[in-house]
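Reproduced below: upload09.cif, with mmCIF, C-alpha atoms (C1' of nucleotides).
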data_data
loop_
_atom_site.label_atom_id
_atom_site.label_comp_id
_atom_site.auth_asym_id
_atom_site.auth_seq_id
_atom_site.Cartn_x
_atom_site.Cartn_y
_atom_site.Cartn_z
CA MET A 12 0.00 0.00 0.00
CA VAL A 13 1.35 3.41 -1.00
CA LYS A 14 0.35 6.06 1.50
CA ILE A 15 -0.42 9.50 0.13
CA GLU A 16 2.62 11.00 1.90
CA GLU A 17 4.84 8.69 -0.09
CA ALA A 18 2.99 9.10 -3.39
CA ILE A 19 3.49 12.84 -3.54
CA GLN A 20 6.62 12.99 -1.34
CA GLN A 21 5.08 15.21 1.31
CA LYS A 22 6.24 14.49 4.83
CA GLU A 23 3.17 15.52 6.78
CA PHE A 24 -0.14 17.33 6.62
CA LYS A 25 -1.61 20.05 8.78
CA ASP A 26 -4.40 17.73 9.91
CA PRO A 27 -6.31 14.70 8.62
CA PHE A 28 -8.86 16.95 6.92
CA ASN A 29 -6.29 18.68 4.78
CA LYS A 30 -4.70 15.32 4.10
CA ALA A 31 -8.06 13.99 2.95
CA VAL A 32 -8.42 16.78 0.39
CA VAL A 33 -5.03 15.95 -1.11
CA ASN A 34 -5.81 12.24 -0.91
CA LEU A 35 -9.06 12.74 -2.79
CA LEU A 36 -7.45 14.83 -5.52
CA TYR A 37 -4.67 12.30 -5.94
CA THR A 38 -7.01 9.31 -5.98
CA HIS A 39 -9.19 11.07 -8.53
CA SER A 40 -6.21 11.46 -10.81
CA TYR A 41 -5.41 7.76 -10.31
CA PHE A 42 -8.89 6.95 -11.64
CA VAL A 43 -9.24 9.28 -14.56
CA THR A 44 -5.83 8.35 -15.93
CA ASN A 45 -7.04 4.77 -16.10
CA GLN A 46 -10.45 5.72 -17.45
CA ASN A 47 -8.97 7.77 -20.25
CA SER A 48 -6.93 4.85 -21.57
CA LEU A 49 -10.01 2.66 -21.33
CA PHE A 50 -12.15 4.99 -23.43
CA LYS A 51 -9.51 6.01 -25.90
CA PRO A 52 -9.88 3.02 -28.27
CA TYR A 53 -13.57 3.87 -28.65
CA GLY A 54 -12.95 7.46 -29.62
CA ILE A 55 -14.91 9.00 -26.75
CA SER A 56 -13.84 10.70 -23.54
CA PRO A 57 -14.99 9.73 -20.02
CA GLU A 58 -17.21 12.81 -19.96
CA GLN A 59 -18.82 11.89 -23.27
CA TYR A 60 -19.37 8.35 -21.94
CA ASN A 61 -21.11 9.81 -18.93
CA VAL A 62 -23.47 11.84 -21.13
CA LEU A 63 -24.28 8.72 -23.16
CA ARG A 64 -25.05 6.81 -19.95
CA ILE A 65 -27.38 9.57 -18.79
CA LEU A 66 -29.20 9.47 -22.13
CA ARG A 67 -29.53 5.70 -22.12
CA GLY A 68 -30.95 5.91 -18.59
CA GLN A 69 -33.88 7.83 -20.07
CA ASN A 70 -35.03 4.75 -21.99
CA GLY A 71 -35.89 6.57 -25.18
CA VAL A 72 -37.39 9.65 -23.59
CA PRO A 73 -35.65 12.74 -25.03
CA THR A 74 -33.61 14.73 -22.53
CA THR A 75 -32.97 18.46 -22.59
CA VAL A 76 -29.45 19.85 -22.39
CA SER A 77 -30.11 21.38 -18.97
CA SER A 78 -31.42 18.08 -17.65
CA ILE A 79 -28.20 16.38 -18.80
CA GLN A 80 -26.24 19.14 -17.10
CA ASP A 81 -28.06 18.52 -13.81
CA ARG A 82 -27.16 14.85 -13.86
CA MET A 83 -23.53 15.24 -14.78
CA LEU A 84 -20.83 14.34 -12.31
CA ASN A 85 -19.13 17.67 -12.82
CA LYS A 86 -21.70 20.43 -12.46
CA MET A 87 -19.39 22.93 -14.12
CA SER A 88 -18.94 20.99 -17.33
CA ASN A 89 -20.61 22.13 -20.50
CA ALA A 90 -23.34 19.76 -21.64
CA SER A 91 -24.05 21.84 -24.72
CA ARG A 92 -20.56 21.34 -26.14
CA LEU A 93 -20.36 17.68 -25.14
CA VAL A 94 -23.64 17.00 -26.94
CA GLU A 95 -22.23 18.79 -29.98
CA LYS A 96 -19.17 16.49 -29.97
CA LEU A 97 -21.37 13.42 -29.65
CA LYS A 98 -23.61 14.62 -32.46
CA ILE A 99 -20.64 14.94 -34.81
CA LYS A 100 -19.83 11.29 -34.08
CA GLU A 101 -23.50 10.42 -34.67
CA LEU A 102 -23.89 9.02 -31.17
CA VAL A 103 -26.77 11.36 -30.32
CA LYS A 104 -29.52 13.21 -32.17
CA ARG A 105 -30.62 16.73 -31.39
CA SER A 106 -34.03 18.21 -32.12
CA GLU A 107 -35.93 21.31 -31.16
CA CYS A 108 -38.34 20.72 -28.31
CA PRO A 109 -41.89 21.25 -29.69
CA ASN A 110 -43.50 22.78 -26.59
CA ASP A 111 -40.59 25.07 -25.72
CA ARG A 112 -38.43 26.29 -28.55
CA ARG A 113 -35.66 27.34 -26.17
CA GLN A 114 -35.03 23.75 -25.23
CA VAL A 115 -33.24 21.08 -27.24
CA ASP A 116 -34.22 17.43 -27.03
CA VAL A 117 -31.32 15.01 -27.08
CA LEU A 118 -31.65 11.32 -27.88
CA ILE A 119 -29.04 8.58 -27.99
CA THR A 120 -28.76 6.83 -31.38
CA GLU A 121 -28.42 3.12 -32.14
CA LYS A 122 -24.74 3.72 -32.77
CA GLY A 123 -24.46 5.37 -29.36
CA LEU A 124 -26.22 2.48 -27.65
CA LYS A 125 -23.91 0.04 -29.41
CA ILE A 126 -20.76 1.79 -28.19
CA LEU A 127 -22.17 1.89 -24.66
CA ALA A 128 -22.95 -1.81 -24.73
CA GLU A 129 -19.45 -2.61 -25.92
CA LEU A 130 -17.86 -0.43 -23.26
CA GLN A 131 -20.05 -1.20 -20.28
CA ALA A 132 -18.74 -4.64 -19.29
CA LYS A 133 -15.18 -3.47 -19.77
CA VAL A 134 -15.68 -0.35 -17.66
CA GLU A 135 -17.49 -2.20 -14.89
CA GLU A 136 -14.82 -4.87 -14.67
CA GLU A 137 -12.08 -2.25 -14.66
CA ASN A 138 -13.82 -0.31 -11.89
CA ARG A 139 -14.02 -3.42 -9.73
CA ASN A 140 -10.39 -4.36 -10.35
CA PHE A 141 -9.17 -0.87 -9.79
CA ILE A 142 -10.53 -0.59 -6.25
CA HIS A 143 -8.42 -2.70 -3.95
CA LEU A 144 -11.00 -2.89 -1.19
CA SER A 145 -13.37 -5.53 0.14
CA SER A 146 -17.13 -5.14 -0.33
CA GLU A 147 -17.47 -4.02 3.27
CA GLU A 148 -14.72 -1.46 2.88
CA VAL A 149 -16.10 -0.02 -0.34
CA ASN A 150 -19.56 0.29 1.22
CA LEU A 151 -17.97 2.16 4.08
CA LEU A 152 -16.14 4.41 1.61
CA ASN A 153 -19.41 5.23 -0.15
CA ASP A 154 -21.06 6.12 3.16
CA LEU A 155 -18.14 8.33 4.16
CA LEU A 156 -18.14 10.17 0.84
CA ASP A 157 -21.90 10.77 1.04
CA LYS A 158 -21.55 12.04 4.59
CA LEU A 159 -18.48 14.13 3.76
CA ARG A 160 -20.46 16.32 1.37
CA GLY A 161 -22.89 17.16 4.19
CA MET B 7 -27.02 14.04 3.81
CA VAL B 8 -27.37 13.80 0.05
CA LYS B 9 -26.63 10.31 -1.20
CA ILE B 10 -24.88 10.04 -4.54
CA GLU B 11 -27.97 8.42 -6.13
CA GLU B 12 -29.95 11.54 -5.35
CA ALA B 13 -27.20 13.99 -6.32
CA ILE B 14 -26.95 12.73 -9.88
CA GLN B 15 -30.46 11.29 -10.13
CA GLN B 16 -29.35 7.74 -10.78
CA LYS B 17 -31.55 5.07 -9.25
CA GLU B 18 -29.02 2.34 -8.67
CA PHE B 19 -25.52 1.14 -9.44
CA LYS B 20 -24.23 -2.18 -10.74
CA ASP B 21 -22.33 -2.79 -7.52
CA PRO B 22 -20.73 -0.76 -4.70
CA PHE B 23 -17.44 -0.61 -6.61
CA ASN B 24 -18.94 1.11 -9.60
CA LYS B 25 -20.89 3.33 -7.25
CA ALA B 26 -17.64 4.28 -5.52
CA VAL B 27 -16.08 5.39 -8.81
CA VAL B 28 -19.01 7.71 -9.50
CA ASN B 29 -19.02 8.85 -5.89
CA LEU B 30 -15.32 9.74 -6.09
CA LEU B 31 -15.71 11.67 -9.33
CA TYR B 32 -18.69 13.55 -7.96
CA THR B 33 -17.02 14.35 -4.64
CA HIS B 34 -13.93 15.53 -6.51
CA SER B 35 -16.04 18.00 -8.46
CA TYR B 36 -17.61 19.16 -5.17
CA PHE B 37 -14.12 20.02 -3.94
CA VAL B 38 -12.55 21.66 -6.93
CA THR B 39 -15.57 23.89 -7.51
CA ASN B 40 -15.04 25.25 -4.03
CA GLN B 41 -11.27 25.46 -4.37
CA ASN B 42 -11.52 27.43 -7.59
CA SER B 43 -13.62 30.14 -5.98
CA LEU B 44 -11.18 30.25 -3.08
CA PHE B 45 -8.15 30.80 -5.33
CA LYS B 46 -9.79 33.10 -7.81
CA PRO B 47 -9.32 36.36 -5.83
CA TYR B 48 -5.58 35.67 -5.71
CA GLY B 49 -5.25 35.22 -9.45
CA ILE B 50 -3.90 31.68 -9.29
CA SER B 51 -5.47 28.31 -10.02
CA PRO B 52 -5.54 25.31 -7.63
CA GLU B 53 -2.88 23.63 -9.77
CA GLN B 54 -0.62 26.67 -9.62
CA TYR B 55 -1.14 26.79 -5.85
CA ASN B 56 -0.04 23.19 -5.63
CA VAL B 57 3.16 23.93 -7.55
CA LEU B 58 3.92 26.84 -5.23
CA ARG B 59 3.39 24.59 -2.20
CA ILE B 60 5.79 22.03 -3.62
CA LEU B 61 8.42 24.72 -4.18
CA ARG B 62 8.02 26.16 -0.69
CA GLY B 63 8.44 22.65 0.73
CA GLN B 64 11.95 22.69 -0.70
CA ASN B 65 12.98 25.44 1.73
CA GLY B 66 15.01 27.43 -0.74
CA VAL B 67 16.58 24.50 -2.57
CA PRO B 68 15.91 24.87 -6.32
CA THR B 69 13.68 22.20 -7.82
CA THR B 70 13.78 20.89 -11.36
CA VAL B 71 10.67 20.77 -13.52
CA SER B 72 10.65 16.98 -13.54
CA SER B 73 10.90 16.88 -9.75
CA ILE B 74 7.87 19.15 -9.52
CA GLN B 75 6.06 16.90 -11.96
CA ASP B 76 6.75 13.85 -9.77
CA ARG B 77 5.23 15.52 -6.74
CA MET B 78 2.11 16.85 -8.43
CA LEU B 79 -1.27 15.49 -7.53
CA ASN B 80 -2.13 14.93 -11.14
CA LYS B 81 0.70 13.03 -12.78
CA MET B 82 -0.54 13.95 -16.24
CA SER B 83 -0.44 17.67 -15.71
CA ASN B 84 2.21 19.78 -17.36
CA ALA B 85 4.65 21.24 -14.86
CA SER B 86 6.56 23.05 -17.60
CA ARG B 87 3.56 25.15 -18.60
CA LEU B 88 2.41 25.76 -15.03
CA VAL B 89 5.88 27.05 -14.13
CA GLU B 90 5.73 29.33 -17.16
CA LYS B 91 2.42 30.80 -15.96
CA LEU B 92 3.83 31.34 -12.47
CA LYS B 93 6.92 32.98 -13.89
CA ILE B 94 4.83 35.48 -15.82
CA LYS B 95 3.16 36.42 -12.52
CA GLU B 96 6.65 36.65 -10.92
CA LEU B 97 5.79 34.01 -8.32
CA VAL B 98 8.72 31.78 -9.34
CA LYS B 99 12.17 32.22 -10.87
CA ARG B 100 13.64 29.91 -13.47
CA SER B 101 17.35 29.40 -14.12
CA GLU B 102 19.44 26.97 -16.09
CA CYS B 103 20.89 24.22 -13.93
CA PRO B 104 24.70 24.68 -13.94
CA ASN B 105 25.71 21.00 -13.84
CA ASP B 106 23.13 19.81 -16.39
CA ARG B 107 22.02 22.27 -19.01
CA ARG B 108 18.97 20.17 -19.86
CA GLN B 109 17.49 20.83 -16.46
CA VAL B 110 15.81 23.98 -15.22
CA ASP B 111 16.00 25.07 -11.61
CA VAL B 112 12.81 26.60 -10.26
CA LEU B 113 12.66 28.73 -7.12
CA ILE B 114 9.70 30.38 -5.42
CA THR B 115 10.04 34.17 -5.09
CA GLU B 116 9.22 36.39 -2.11
CA LYS B 117 6.05 37.38 -3.90
CA GLY B 118 5.16 33.72 -4.29
CA LEU B 119 5.79 33.01 -0.62
CA LYS B 120 3.65 35.99 0.34
CA ILE B 121 0.67 34.77 -1.70
CA LEU B 122 1.04 31.30 -0.21
CA ALA B 123 1.11 32.68 3.33
CA GLU B 124 -2.02 34.71 2.67
CA LEU B 125 -3.84 31.76 1.18
CA GLN B 126 -2.73 28.97 3.49
CA ALA B 127 -4.87 29.69 6.56
CA LYS B 128 -7.88 30.31 4.35
CA VAL B 129 -7.42 27.08 2.41
CA GLU B 130 -6.82 25.01 5.52
CA GLU B 131 -9.89 26.36 7.26
CA GLU B 132 -12.00 25.83 4.16
CA ASN B 133 -10.77 22.24 3.84
CA ARG B 134 -11.75 21.50 7.43
CA ASN B 135 -15.16 23.10 7.09
CA PHE B 136 -15.84 21.43 3.79
CA ILE B 137 -15.47 17.90 5.13
CA HIS B 138 -18.49 17.06 7.23
CA LEU B 139 -16.84 14.18 9.05
CA SER B 140 -15.47 13.60 12.52
CA SER B 141 -11.72 13.19 13.04
CA GLU B 142 -12.17 9.44 13.37
CA GLU B 143 -14.19 9.28 10.17
CA VAL B 144 -11.74 11.34 8.17
CA ASN B 145 -8.85 9.18 9.36
CA LEU B 146 -10.79 6.15 8.22
CA LEU B 147 -11.41 7.80 4.86
CA ASN B 148 -7.69 8.46 4.43
CA ASP B 149 -6.90 4.83 5.20
CA LEU B 150 -9.52 3.58 2.76
CA LEU B 151 -8.25 5.85 -0.04
CA ASP B 152 -4.64 4.74 0.54
CA LYS B 153 -5.72 1.10 0.51
CA LEU B 154 -8.00 1.59 -2.50
CA ARG B 155 -5.06 2.48 -4.73
CA GLY B 156 -3.41 -0.80 -3.82
"C1'" DT C 7 35.68 10.07 -32.02
"C1'" DA C 8 31.31 9.12 -34.07
"C1'" DC C 9 26.90 7.01 -33.44
"C1'" DT C 10 22.91 5.74 -30.73
"C1'" DT C 11 20.01 6.02 -26.85
"C1'" DT C 12 18.19 8.34 -23.09
"C1'" DT C 13 16.83 12.30 -20.41
"C1'" DA C 14 14.77 16.94 -19.58
"C1'" DC C 15 12.08 20.24 -21.06
"C1'" DA C 16 9.23 22.66 -24.40
"C1'" DT C 17 5.57 22.73 -27.67
"C1'" DG C 18 1.51 21.35 -30.60
"C1'" DT C 19 -3.23 19.83 -30.65
"C1'" DA C 20 -7.59 17.97 -28.97
"C1'" DT C 21 -10.66 17.79 -25.14
"C1'" DA C 22 -12.64 19.54 -20.99
"C1'" DT C 23 -13.44 22.83 -17.07
"C1'" DA C 24 -14.53 27.53 -15.27
"C1'" DC C 25 -16.89 31.38 -15.81
"C1'" DA C 26 -18.82 35.38 -18.32
"C1'" DT C 27 -21.70 36.87 -21.95
"C1'" DT C 28 -25.05 36.64 -25.73
"C1'" DA C 29 -29.41 35.57 -28.02
"C1'" DA C 30 -33.80 33.85 -28.33
"C1'" DA C 31 -37.96 32.20 -26.21
"C1'" DT C 32 -40.96 32.21 -22.45
"C1'" DA C 33 -43.01 33.80 -18.11
"C1'" DC C 34 -44.48 37.44 -15.40
"C1'" DA C 35 -46.18 41.94 -13.97
"C1'" DT C 36 -48.45 46.06 -14.60
"C1'" DA D 14 -50.69 44.45 -24.59
"C1'" DT D 15 -46.27 45.95 -23.41
"C1'" DG D 16 -42.16 46.01 -20.93
"C1'" DT D 17 -39.22 43.42 -17.71
"C1'" DA D 18 -37.29 39.40 -15.87
"C1'" DT D 19 -36.12 34.71 -16.27
"C1'" DT D 20 -34.89 30.57 -18.57
"C1'" DT D 21 -32.36 27.76 -22.04
"C1'" DA D 22 -28.78 26.96 -24.88
"C1'" DA D 23 -24.83 28.50 -27.37
"C1'" DT D 24 -20.50 30.84 -27.53
"C1'" DG D 25 -16.09 33.27 -26.15
"C1'" DT D 26 -11.87 33.03 -23.53
"C1'" DA D 27 -8.55 31.43 -20.13
"C1'" DT D 28 -6.71 27.49 -17.83
"C1'" DA D 29 -5.66 22.72 -17.44
"C1'" DT D 30 -5.36 17.74 -18.82
"C1'" DA D 31 -3.95 14.07 -22.17
"C1'" DC D 32 -0.91 12.61 -25.18
"C1'" DA D 33 2.30 12.96 -29.12
"C1'" DT D 34 6.25 15.06 -30.89
"C1'" DG D 35 10.36 18.03 -31.17
"C1'" DT D 36 14.91 19.59 -29.57
"C1'" DA D 37 18.96 19.96 -27.16
"C1'" DA D 38 22.03 18.02 -23.74
"C1'" DA D 39 23.95 14.12 -21.64
"C1'" DA D 40 25.10 9.29 -21.27
"C1'" DG D 41 26.39 5.11 -23.21
"C1'" DT D 42 28.74 2.34 -26.84
"C1'" DA D 43 31.46 0.65 -30.72
#

Have the structure of the file written as structure tokens, please.
Amino acid sequence: MVKIEEAIQQKEFKDPFNKAVVNLLYTHSYFVTNQNSLFKPYGISPEQYNVLRILRGQNGVPTTVSSIQDRMLNKMSNASRLVEKLKIKELVKRSECPNDRRQVDVLITEKGLKILAELQAKVEEENRNFIHLSSEEVNLLNDLLDKLRG
Amino acid sequence: MVKIEEAIQQKEFKDPFNKAVVNLLYTHSYFVTNQNSLFKPYGISPEQYNVLRILRGQNGVPTTVSSIQDRMLNKMSNASRLVEKLKIKELVKRSECPNDRRQVDVLITEKGLKILAELQAKVEEENRNFIHLSSEEVNLLNDLLDKLRG
DNA sequence: TACTTTTACATGTATATACATTAAATACAT
DNA sequence: ATGTATTTAATGTATATACATGTAAAAGTA
């Protein structure tokens, strides 16, 4: 086990809270580095994958850009531009919302569903293998993270 | 307490491991959003702050770009460009390493140390307040994150 | 010495985040 | 009905990540 002090060559932290912030940032980087290499062969980014997952979760019901934004992991990301990227790759369709012309309905295409299906098993297996914790420990981690955010 | 399912409006996860990945990504975003607003008034980014902290930790000993890179939280970030940004703001000095002309020695300036000193107390307090856990819980979280990475 | 490999840093390009602003449509108030 | 405020999405710009490539110096080798 590589403790965070060793990983970033920092001798000590002010207190466990400040250590936890650094530990979270570092662990996040550990994940996304892996995720990026996983998604790369499929030509989409982790963020684009996340948008596709949100759309599939709608089961065919069109989703507005703002609704995608609300469900994204990073609330500061830009759903509008991500949808544009996915549209270019023909993984989503965009159409004007009939009852409110400000809104834009987004739907995942067959091609998008196919890529998701191909990736899903791989991603899920990788996620399991990447977390070196027991089921009990990972449940505890989830509870702590939920509580942490208040 | 807002559980991750509620926060991103996802009913359920494949297993606690996949839930933990999402939970980590989401909690990371929760942190950096706050950190950004904290650093903004000082004209530096969280990543630039981290580089300054690394340099201060050297206690006046010059640090090469690659050494900074090794100590960064995100191993894929670009220390060379971050140092360049800090140099423009006169928060660091750069000089050719005398014994190896490939290397570049980086030193934090007085101005850089001053900004760090101003920010430190603020950042540390914010980090404590932002983690809604007891000391025991946050210690446990640190242990779980260290173990998670294997 | 001359040639090859490696190291250290810089740079180029695509993607994404962070945040401000714009533009159009809708809702609201008088 | 008209003017104002709000909502929705798109866009502009700066910063950073991700990854490939370039360039010069140093190290290693025949």

(message) Let me make sure I understand: among B:Asn24, B:Gln15, B:Ser83, B:Thr33, which one has the smallest atom-to-atom distance to chain D if we use all atoms listed in the file?
(response) B:Ser83

(message) Running the PyMOL selection byres ((chain D and resi 22-32) around 10) on this model by hand, what would come out? Give it as a count of residues only.
(response) 39

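Of the residues under consideration (B:Val89, B:Leu122, B:Leu58, B:Ala13), B:Val89 shows the shortest atom-to-atom contact distance to chain C when counting all atoms listed in the file.
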
(message) Residues within 9 Å of Val134 in chain A, please, as a list in words. Count all atoms listed in the file; anything in the same chain fewer than 4 positions from it doesn't count.
(response) Gln46, Leu49, Phe50, Leu130, Asn138 and Arg139 of chain A; Asn24 of chain B

(message) Set the distance at 6 Å and use all atoms listed in the file: which residues neighbour Ile114 in chain B once local chain neighbours fewer than 2 positions away are removed? I'd like the list as a ChimeraX atom specification.
(response) /B:61,98,118

Selection file, C-alpha atoms, as a compact mmCIF listing (two decimals), keeping the file's coordinate frame:
# COMPACT_ATOMS: atom_id res chain seq x y z
CA LEU B 61 8.42 24.72 -4.18
CA VAL B 98 8.72 31.78 -9.34
CA GLY B 118 5.16 33.72 -4.29

(message) To test your reading of the syntax: which residues would the PyMOL selection byres ((chain B) within 8 of (chain A)) return for the file shown? Reply as a PyMOL selection string.
(response) chain B and resi 7-10+13-15+20+22-37+39+76-82+130+133-134+136-139+141+143-145+147-148+150-156

Residues of chain C at most 8 Å from chain B: nearest atom pair and distance in Å, only C-alpha atoms (C1' of nucleotides), as JSON lines:
{"residue": "C:DA14", "atom": "C1'", "partner": "B:Arg108", "partner_atom": "CA", "distance": 5.3}
{"residue": "C:DC15", "atom": "C1'", "partner": "B:Arg108", "partner_atom": "CA", "distance": 7.0}
{"residue": "C:DA16", "atom": "C1'", "partner": "B:Ser86", "partner_atom": "CA", "distance": 7.3}

(request) Tell me which protein, DNA and RNA residues are within 10 Å of range 9-11 of chain C, counting only C-alpha atoms (C1' of nucleotides), leaving out same-chain ones fewer than 4 positions away, and put them as a VMD selection string. (result) chain D and resid 40 to 43

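For the atom pair formed by CA of Glu101 in chain A and CA of Ala132 in chain A, the distance is 22.0 Å, given to one decimal.
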
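Interatomic distance, CA of Arg100 in chain B to CA of Thr69 in chain B: 9.6 Å.
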
Please identify all polymer residues lying at most 8 Å from the point (18.1, 16.8, -25.4) (file coordinates), using all atoms listed in the file, and present the result as a PDB file with C-alpha atoms (C1' of nucleotides), keeping the file's coordinate frame.
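Output saved as selection_0.pdb:
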ATOM      1  CA  ARG B 108      18.970  20.170 -19.860  1.00  0.00           C
TER       2      ARG B 108
ATOM      3  C1'  DT C  13      16.830  12.300 -20.410  1.00  0.00           C
ATOM      4  C1'  DA C  14      14.770  16.940 -19.580  1.00  0.00           C
TER       5       DA C  14
ATOM      6  C1'  DT D  36      14.910  19.590 -29.570  1.00  0.00           C
ATOM      7  C1'  DA D  37      18.960  19.960 -27.160  1.00  0.00           C
ATOM      8  C1'  DA D  38      22.030  18.020 -23.740  1.00  0.00           C
ATOM      9  C1'  DA D  39      23.950  14.120 -21.640  1.00  0.00           C
TER      10       DA D  39
END

(message) With all atoms listed in the file as the counted atoms, please give the residues lying no more than 12 Å from DG16 in chain D, apart from itself and same-chain residues fewer than 6 positions off, as JSON, numbers by chain.
(response) {"C": [34, 35, 36]}

So that I have them on file, write out the residues from the current selection with C-alpha atoms (C1' of nucleotides), as a PDB file, in the frame of the given file.
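again.pdb was written with the following content:
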ATOM      1  C1'  DC C  34     -44.480  37.440 -15.400  1.00  0.00           C
ATOM      2  C1'  DA C  35     -46.180  41.940 -13.970  1.00  0.00           C
ATOM      3  C1'  DT C  36     -48.450  46.060 -14.600  1.00  0.00           C
TER       4       DT C  36
END

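Of note, C1' of DT12 in chain C and CA of Glu90 in chain B are spaced 25.1 Å apart.
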